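Printed here is model09.txt (compact mmCIF, C-alpha atoms):
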```txt
# COMPACT_ATOMS: atom_id res chain seq x y z
CA MET J 1 213.38 -31.41 140.71
CA ARG J 2 210.32 -30.98 142.76
CA LEU J 3 211.33 -32.83 145.92
CA ALA J 4 209.12 -32.81 148.96
CA ALA J 5 206.58 -35.12 150.43
CA LEU J 6 205.20 -36.72 147.30
CA LEU J 7 206.99 -37.87 144.20
CA SER J 8 204.47 -37.84 141.44
CA VAL J 9 204.71 -36.03 138.18
CA MET J 10 202.01 -36.63 135.64
CA LEU J 11 203.55 -36.71 132.22
CA CYS J 12 200.45 -37.48 130.25
CA GLY J 13 199.51 -39.88 127.57
CA PRO J 14 199.30 -43.24 129.22
CA CYS J 15 199.60 -41.54 132.51
CA VAL J 16 202.49 -41.43 134.68
CA LEU J 17 203.85 -40.76 138.04
CA GLY J 18 206.95 -38.74 137.53
CA ALA J 19 209.97 -38.07 139.47
CA ALA J 20 210.86 -34.87 140.56
CA VAL J 21 209.67 -35.32 143.89
CA ALA J 22 207.38 -33.92 144.84
CA GLN J 23 208.02 -30.48 145.11
CA ASP J 24 211.05 -29.02 144.05
CA LEU J 25 210.58 -31.21 141.07
CA PRO J 26 210.17 -28.97 138.13
CA ALA J 27 209.83 -30.28 134.80
CA ARG J 28 206.36 -29.93 133.59
CA ALA J 29 204.62 -32.65 131.68
CA VAL J 30 203.76 -32.55 128.02
CA ASP J 31 200.27 -33.02 126.65
CA ASP J 32 199.23 -36.49 125.63
CA THR J 33 199.10 -38.00 122.18
CA ASP J 34 195.28 -37.73 121.82
CA LEU J 35 195.16 -33.97 121.76
CA GLY J 36 191.56 -33.33 120.83
CA LYS J 37 189.46 -35.57 123.09
CA ASP J 38 188.30 -35.28 126.67
CA ARG J 39 190.29 -37.64 128.87
CA LEU J 40 191.25 -38.49 132.42
CA THR J 41 194.30 -40.40 133.59
CA ILE J 42 194.86 -41.64 137.14
CA ALA J 43 198.22 -43.10 138.19
CA VAL J 44 199.06 -44.74 141.51
CA GLY J 45 202.12 -46.48 142.89
CA PRO J 46 204.91 -46.36 145.48
CA ALA J 47 207.57 -43.69 145.16
CA ILE J 48 211.01 -43.48 146.73
CA THR J 49 212.32 -40.02 147.58
CA PRO J 50 214.75 -38.25 149.95
CA ARG J 51 213.22 -37.37 153.33
CA TYR J 52 213.98 -33.71 152.70
CA ILE J 53 215.65 -31.79 149.90
CA GLY J 54 219.34 -32.49 150.49
CA SER J 55 218.86 -35.59 152.65
CA ARG J 56 220.87 -38.77 152.22
CA ASP J 57 218.06 -40.84 153.80
CA MET J 58 215.35 -42.22 151.54
CA THR J 59 211.72 -43.05 152.26
CA VAL J 60 208.96 -44.87 150.41
CA ILE J 61 205.64 -43.06 150.10
CA PRO J 62 202.35 -43.62 148.26
CA GLY J 63 202.00 -41.60 145.08
CA VAL J 64 198.89 -40.48 143.22
CA ALA J 65 198.70 -38.34 140.08
CA VAL J 66 195.78 -37.09 137.99
CA GLN J 67 195.87 -35.53 134.53
CA GLY J 68 193.05 -34.72 132.16
CA GLN J 69 191.46 -32.53 129.56
CA VAL J 70 187.90 -31.21 129.24
CA ALA J 71 186.75 -29.22 126.20
CA GLY J 72 190.38 -28.61 125.28
CA TYR J 73 191.38 -27.26 128.72
CA SER J 74 193.97 -29.46 130.42
CA PHE J 75 194.81 -29.87 134.10
CA SER J 76 197.28 -31.98 136.07
CA THR J 77 198.68 -32.66 139.49
CA GLN J 78 202.44 -32.85 139.92
CA GLY J 79 203.38 -34.06 143.36
CA THR J 80 201.76 -31.49 145.63
CA SER J 81 201.04 -29.06 142.76
CA LEU J 82 197.91 -28.47 140.70
CA SER J 83 198.10 -26.61 137.39
CA VAL J 84 195.61 -25.67 134.66
CA ASP J 85 196.21 -24.64 131.04
CA LEU J 86 193.77 -21.85 130.18
CA ILE J 87 194.46 -21.96 126.42
CA PRO J 88 192.33 -24.72 124.85
CA ASP J 89 193.95 -27.34 122.63
CA ASP J 90 192.48 -27.60 119.15
CA GLY J 91 193.71 -31.18 118.75
CA LYS J 92 195.94 -30.47 115.75
CA PRO J 93 199.73 -30.90 115.35
CA GLY J 94 201.76 -27.69 115.37
CA TRP J 95 202.64 -24.92 117.78
CA LYS J 96 200.62 -24.21 120.91
CA LEU J 97 200.94 -21.53 123.57
CA GLN J 98 200.29 -22.55 127.17
CA VAL J 99 199.51 -20.37 130.19
CA GLY J 100 197.61 -20.79 133.42
CA PRO J 101 197.60 -20.79 137.23
CA ILE J 102 199.45 -23.19 139.49
CA LEU J 103 199.19 -23.91 143.21
CA ASN J 104 201.94 -25.75 145.07
CA VAL J 105 202.05 -26.92 148.69
CA ARG J 106 205.67 -27.18 149.90
CA LEU J 107 206.05 -29.77 152.66
CA ASP J 108 209.83 -29.89 152.92
CA ARG J 109 210.98 -30.54 156.51
CA THR J 110 207.47 -30.17 157.93
CA SER J 111 207.49 -33.72 159.39
CA ARG J 112 209.27 -37.10 159.27
CA ILE J 113 212.68 -35.47 158.78
CA GLY J 114 214.61 -38.57 159.79
CA ASN J 115 218.06 -37.18 160.62
CA ARG J 116 218.09 -36.29 164.33
CA GLN J 117 220.38 -33.27 163.89
CA VAL J 118 218.26 -31.76 161.14
CA ALA J 119 215.12 -32.58 163.15
CA ALA J 120 216.62 -30.64 166.08
CA LEU J 121 216.52 -27.49 163.92
CA GLY J 122 212.75 -27.64 164.28
CA ASP J 123 209.90 -28.40 161.90
CA LEU J 124 209.27 -25.82 159.20
CA ARG J 125 205.89 -24.41 158.25
CA THR J 126 203.93 -25.64 155.24
CA ALA J 127 204.35 -23.14 152.41
CA TRP J 128 201.39 -22.40 150.12
CA GLU J 129 202.67 -21.16 146.78
CA PRO J 130 200.20 -19.91 144.17
CA GLY J 131 201.68 -18.76 140.90
CA VAL J 132 201.54 -18.79 137.12
CA TRP J 133 203.18 -20.79 134.37
CA ALA J 134 203.58 -20.22 130.64
CA GLY J 135 205.14 -22.16 127.82
CA ILE J 136 205.21 -23.14 124.18
CA GLN J 137 204.82 -26.62 122.73
CA ARG J 138 205.43 -28.14 119.33
CA THR J 139 203.51 -31.31 118.44
CA GLY J 140 204.88 -33.31 115.52
CA VAL J 141 208.63 -32.85 115.82
CA VAL J 142 210.70 -35.85 114.71
CA THR J 143 209.24 -39.33 115.15
CA SER J 144 205.53 -38.83 114.37
CA PRO J 145 202.67 -36.30 114.35
CA TYR J 146 202.34 -36.98 118.08
CA ASP J 147 205.79 -36.44 119.61
CA THR J 148 206.11 -33.18 121.55
CA LEU J 149 208.81 -30.70 122.48
CA SER J 150 207.86 -28.26 125.24
CA ALA J 151 209.51 -25.35 127.04
CA ASN J 152 207.96 -23.46 129.94
CA VAL J 153 208.61 -21.30 132.98
CA THR J 154 206.84 -21.33 136.35
CA TRP J 155 206.76 -18.60 139.01
CA GLN J 156 205.40 -19.27 142.51
CA HIS J 157 205.25 -17.13 145.65
CA ASP J 158 204.71 -18.20 149.26
CA ILE J 159 201.66 -16.50 150.81
CA SER J 160 201.49 -18.56 154.00
CA GLY J 161 204.22 -16.76 155.94
CA ALA J 162 206.62 -19.72 155.82
CA TYR J 163 209.52 -18.16 153.92
CA GLY J 164 207.66 -15.36 152.12
CA GLY J 165 209.66 -15.51 148.88
CA SER J 166 209.47 -16.76 145.32
CA VAL J 167 210.67 -19.65 143.16
CA PHE J 168 211.27 -19.41 139.40
CA SER J 169 211.60 -22.65 137.41
CA PRO J 170 212.38 -23.03 133.69
CA ALA J 171 211.98 -26.48 132.13
CA ILE J 172 212.16 -28.30 128.80
CA SER J 173 210.81 -31.72 127.88
CA TYR J 174 210.52 -34.13 124.96
CA ALA J 175 208.04 -37.00 124.79
CA THR J 176 207.13 -39.52 122.13
CA PRO J 177 204.92 -42.58 121.72
CA LEU J 178 206.99 -45.50 120.48
CA SER J 179 203.85 -47.40 119.48
CA HIS J 180 200.16 -47.48 120.40
CA LYS J 181 201.22 -49.06 123.71
CA ASP J 182 204.63 -47.57 124.60
CA TYR J 183 205.64 -44.06 125.59
CA VAL J 184 208.82 -42.34 126.82
CA SER J 185 209.56 -38.84 128.11
CA LEU J 186 212.73 -36.95 129.09
CA SER J 187 212.65 -33.62 130.91
CA ALA J 188 215.19 -31.18 132.34
CA GLY J 189 214.77 -28.14 134.53
CA ALA J 190 216.20 -25.88 137.20
CA ASP J 191 215.02 -23.82 140.18
CA HIS J 192 216.01 -20.23 140.97
CA VAL J 193 215.09 -19.12 144.49
CA GLY J 194 215.09 -15.83 146.35
CA ARG J 195 217.14 -14.99 149.44
CA ARG J 196 214.25 -15.68 151.83
CA PHE J 197 213.88 -19.20 150.47
CA GLY J 198 217.59 -19.94 150.91
CA ALA J 199 217.75 -18.54 154.44
CA TYR J 200 214.61 -20.39 155.55
CA TYR J 201 215.48 -23.84 154.22
CA TYR J 202 219.30 -23.93 154.29
CA ASP J 203 220.75 -21.51 156.86
CA VAL J 204 221.49 -22.64 160.44
CA THR J 205 221.28 -19.97 163.16
CA ALA J 206 223.50 -19.93 166.26
CA PRO J 207 220.69 -21.22 168.56
CA GLN J 208 219.90 -23.96 166.03
CA SER J 209 223.58 -24.89 165.92
CA LEU J 210 223.65 -25.32 169.69
CA ALA J 211 220.49 -27.43 169.65
CA SER J 212 221.53 -29.67 166.75
CA GLY J 213 225.32 -29.87 166.82
CA LEU J 214 225.44 -28.69 163.21
CA ARG J 215 227.75 -25.79 162.42
CA ALA J 216 226.18 -22.35 162.11
CA TYR J 217 225.69 -21.23 158.51
CA ASP J 218 224.35 -18.05 156.91
CA GLY J 219 225.56 -18.45 153.32
CA ALA J 220 222.26 -19.43 151.69
CA GLY J 221 220.39 -16.19 152.33
CA LYS J 222 220.77 -14.85 148.81
CA ALA J 223 219.08 -15.33 145.46
CA GLY J 224 220.53 -17.96 143.14
CA TRP J 225 220.14 -21.21 141.24
CA LYS J 226 219.31 -23.86 143.79
CA ASP J 227 219.43 -26.97 141.60
CA TRP J 228 219.14 -28.54 138.17
CA ASN J 229 217.28 -31.74 137.46
CA LEU J 230 216.51 -34.52 135.00
CA ALA J 231 213.62 -36.99 134.80
CA LEU J 232 213.07 -40.04 132.58
CA LEU J 233 209.78 -41.86 132.27
CA ALA J 234 208.61 -44.96 130.39
CA ALA J 235 205.10 -46.39 130.20
CA HIS J 236 203.55 -49.49 128.66
CA THR J 237 199.86 -50.24 128.14
CA LEU J 238 198.84 -53.74 129.18
CA ARG J 239 195.27 -53.50 127.91
CA GLY J 240 194.00 -50.98 125.39
CA THR J 241 196.10 -48.12 124.01
CA LEU J 242 197.96 -45.12 125.37
CA THR J 243 194.86 -42.94 125.06
CA HIS J 244 192.40 -45.40 126.55
CA GLY J 245 193.62 -48.30 128.63
CA PHE J 246 195.33 -49.81 131.65
CA GLY J 247 199.11 -49.86 131.93
CA VAL J 248 202.29 -49.73 133.97
CA PHE J 249 204.98 -47.07 134.27
CA GLY J 250 208.39 -46.46 135.76
CA THR J 251 210.25 -43.21 136.29
CA ILE J 252 213.58 -42.05 137.68
CA GLY J 253 214.72 -38.55 138.56
CA TYR J 254 217.99 -36.90 139.49
CA SER J 255 218.57 -33.47 141.02
CA ARG J 256 221.83 -31.71 141.92
CA LEU J 257 221.87 -28.99 144.58
CA LEU J 258 224.18 -26.10 143.73
CA GLY J 259 226.42 -23.47 145.30
CA SER J 260 225.62 -22.08 148.72
CA TYR J 261 222.63 -24.43 149.08
CA ALA J 262 224.82 -27.50 148.57
CA ARG J 263 227.31 -26.10 151.11
CA SER J 264 224.68 -25.87 153.85
CA PRO J 265 225.45 -28.25 156.75
CA ILE J 266 222.09 -29.97 156.30
CA VAL J 267 223.37 -31.03 152.87
CA ALA J 268 227.19 -31.04 152.97
CA ASP J 269 227.63 -32.44 156.51
CA VAL J 270 224.69 -34.79 157.10
CA GLY J 271 223.07 -34.99 153.65
CA ARG J 272 224.19 -34.95 150.03
CA ALA J 273 223.86 -32.70 147.00
CA ASP J 274 222.99 -35.57 144.65
CA GLN J 275 219.29 -36.40 144.96
CA TRP J 276 217.67 -39.47 143.37
CA SER J 277 214.02 -40.39 143.25
CA GLY J 278 211.78 -42.81 141.41
CA ALA J 279 208.38 -44.44 141.15
CA VAL J 280 206.62 -47.44 139.63
CA GLY J 281 202.95 -48.19 139.42
CA PHE J 282 199.75 -48.61 137.44
CA SER J 283 197.80 -46.17 135.32
CA LEU J 284 194.28 -45.98 133.97
CA THR J 285 193.27 -43.68 131.10
CA PHE J 286 189.70 -43.21 129.97
```

Mind converting the file's structure to structure tokens?
Amino acid sequence: MRLAALLSVMLCGPCVLGAAVAQDLPARAVDDTDLGKDRLTIAVGPAITPRYIGSRDMTVIPGVAVQGQVAGYSFSTQGTSLSVDLIPDDGKPGWKLQVGPILNVRLDRTSRIGNRQVAALGDLRTAWEPGVWAGIQRTGVVTSPYDTLSANVTWQHDISGAYGGSVFSPAISYATPLSHKDYVSLSAGADHVGRRFGAYYYDVTAPQSLASGLRAYDGAGKAGWKDWNLALLAAHTLRGTLTHGFGVFGTIGYSRLLGSYARSPIVADVGRADQWSGAVGFSLTF
């Protein structure tokens, strides 16, 4: 899941803050049920998320998400990411290819770490990660002409000199309107990281071990699957409809750190591999 400083995944339609925290949160949102029209959705509300990826301490943060479409071109924010679909939507049910740029800002362990031992390792640098994403989506699957099944992959690379590596994230999602006022979405994904990512975020050097009291660890400096994740979202329109109205939403996300990343002392000794996150709030679509 995209876990970092913000937990907000826009899953479209009514609008929604999604889980997948912020940043390591993967699963991309599906397009909304009004495929042909220009639209803008703004969602706000408090989110609860781990203080860092692998932390057992939780924190409450403000969340904001924006998703929209202009002349068939869609855009969305997802936590600290911004993505654009460069293939216009013709507004009809059926298959649709998706491709475009994405920019993510990774804020993990840059501030407000919480745990004193992990904080003693030192703050990390903010990572700026431009990249690309591509996918395929089917509209009109099971329940109606408007339910969607999507699969996509995202590739991002740090250009800021923080860890200097890449992250590859496949994801799949299904979403359906239950009525003109109710909407649900389920997504699943995973993150594959390079050796520089693992070493930067999960290894503990000998000097860091002395400063923090954590055991030294060098097992994460290799490429591998860092986590898998799930996210569930539900939204209800209080006034208007899903495509034009004011509503409420709730979302919950779960992520499981894997292998050498889960064995890092910042996770295994003072944190936990199981990561939960969630958000509630209000949305406005117009």

For a quick check of understanding, using all atoms listed in the file, which of J:Ala127, J:Leu103, J:Ala71, J:Gln78 has the smallest distance to J:Asp90?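 Counting all atoms listed in the file, the residue closest to J:Asp90 is J:Ala71.
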
Report, as lines of an AutoDock Vina configuration file, the centre and edge lengths in Å (one decimal) of the axis-aligned box enclosing every listed atom of stretch 218-228 of chain J, padded by 5 Å on each side.
```
center_x = 222.3
center_y = -21.7
center_z = 147.5
size_x = 16.5
size_y = 23.7
size_z = 28.7
```

Can you tell me which residues surround J:Val280 at a distance of at most 7 Å, considering all atoms listed in the file, apart from same-chain residues fewer than 4 positions away, and format the answer as a list in words? Gly45, Pro46, Ala47, Phe249, Gly250 and Thr251 of chain J

Quick one: residues within 7 Å of J:Ala175, only C-alpha atoms, excluding same-chain residues fewer than 3 positions away - as a PyMOL selection string? chain J and resi 30+147-149+184-186

Restricting the calculation to only C-alpha atoms, which member of J:Val84, J:Ala190, J:Leu230, J:Ala235 is positioned closest to J:Tyr254?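 Counting only C-alpha atoms, the residue closest to J:Tyr254 is J:Leu230.
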
Taking all atoms listed in the file into account, which of J:Arg56, J:Arg263, J:Arg116, J:Lys96 comes nearest J:Ala211?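 Distance minimum relative to J:Ala211 lands on J:Arg116.
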
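Residues near the point (217.3, -26.5, 156.8), at a distance of 6 Å or less over only C-alpha atoms, make up Tyr201, Tyr202 and Ile266 of chain J.
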
Report, in Å to a single decimal, how far apart atom CA of J:Ser255 and atom CA of J:Ser74 are.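 Between atom CA of J:Ser74 and atom CA of J:Ser255 the gap is 27.1 Å.
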
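Interatomic distance, atom CA of J:Asn152 to atom CA of J:Asp274: 24.3 Å.
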
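You can rank J:Asn115, J:Gln98, J:Thr59, J:Asn104 by their closest distance to J:Ser150 using all atoms listed in the file, and at the top of that list sits J:Gln98.
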
Residue neighbourhood stretch 215-225 of chain J, 9 Å, all atoms listed in the file, exclusion window fewer than 6 positions, as an MDAnalysis selection string: chainID J and resid 190:209 257:261 263:265 269

Suppose you want the space between atom CA of J:Gly278 and atom CA of J:Val44; what is it in Å? 12.9 Å

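If you measure from each of J:Gly245, J:Gly122, J:Pro50, J:Gly135 to J:Leu97 using all atoms listed in the file, the closest one turns out to be J:Gly135.
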
Enumerate, as JSON, numbers by chain, the protein, DNA and RNA residues whose atoms approach (189.0, -43.3, 131.5) to within 6 Å, taking into account all atoms listed in the file and the coordinate frame of the file. {"J": [40, 285, 286]}

Nearest to J:Asp227, chosen from J:Pro93, J:Gly131, J:Gly54, J:Gly140, with all atoms listed in the file counted in the distances: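 Selected residue with least distance to J:Asp227: J:Gly54.
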
Regenerate stretch 56-72 of chain J at the level of N, CA and C atoms and dump it as a compact mmCIF listing (two decimals), in the coordinates of the input.
```txt
# COMPACT_ATOMS: atom_id res chain seq x y z
N ARG J 56 220.31 -37.53 152.74
CA ARG J 56 220.87 -38.77 152.22
C ARG J 56 220.00 -39.97 152.56
N ASP J 57 218.98 -39.77 153.40
CA ASP J 57 218.06 -40.84 153.80
C ASP J 57 216.86 -40.86 152.87
N MET J 58 216.47 -42.06 152.45
CA MET J 58 215.35 -42.22 151.54
C MET J 58 214.13 -42.76 152.27
N THR J 59 212.96 -42.52 151.70
CA THR J 59 211.72 -43.05 152.26
C THR J 59 210.79 -43.44 151.12
N VAL J 60 209.94 -44.42 151.39
CA VAL J 60 208.96 -44.87 150.41
C VAL J 60 207.60 -44.30 150.80
N ILE J 61 206.92 -43.70 149.84
CA ILE J 61 205.64 -43.06 150.10
C ILE J 61 204.64 -43.46 149.03
N PRO J 62 203.35 -43.38 149.31
CA PRO J 62 202.35 -43.62 148.26
C PRO J 62 202.28 -42.42 147.33
N GLY J 63 202.10 -42.67 146.06
CA GLY J 63 202.00 -41.60 145.08
C GLY J 63 200.71 -41.69 144.29
N VAL J 64 200.10 -40.55 144.03
CA VAL J 64 198.89 -40.48 143.22
C VAL J 64 199.02 -39.27 142.29
N ALA J 65 198.67 -39.45 141.03
CA ALA J 65 198.70 -38.34 140.08
C ALA J 65 197.46 -38.39 139.21
N VAL J 66 196.97 -37.20 138.84
CA VAL J 66 195.78 -37.09 137.99
C VAL J 66 196.08 -36.09 136.88
N GLN J 67 195.70 -36.44 135.65
CA GLN J 67 195.87 -35.53 134.53
C GLN J 67 194.70 -35.71 133.59
N GLY J 68 194.20 -34.60 133.05
CA GLY J 68 193.05 -34.72 132.16
C GLY J 68 192.84 -33.51 131.29
N GLN J 69 191.82 -33.61 130.46
CA GLN J 69 191.46 -32.53 129.56
C GLN J 69 189.95 -32.55 129.35
N VAL J 70 189.33 -31.37 129.45
CA VAL J 70 187.90 -31.21 129.24
C VAL J 70 187.69 -30.03 128.31
N ALA J 71 187.03 -30.27 127.18
CA ALA J 71 186.75 -29.22 126.20
C ALA J 71 188.01 -28.48 125.77
N GLY J 72 189.13 -29.20 125.71
CA GLY J 72 190.38 -28.61 125.28
C GLY J 72 191.21 -28.01 126.39
```
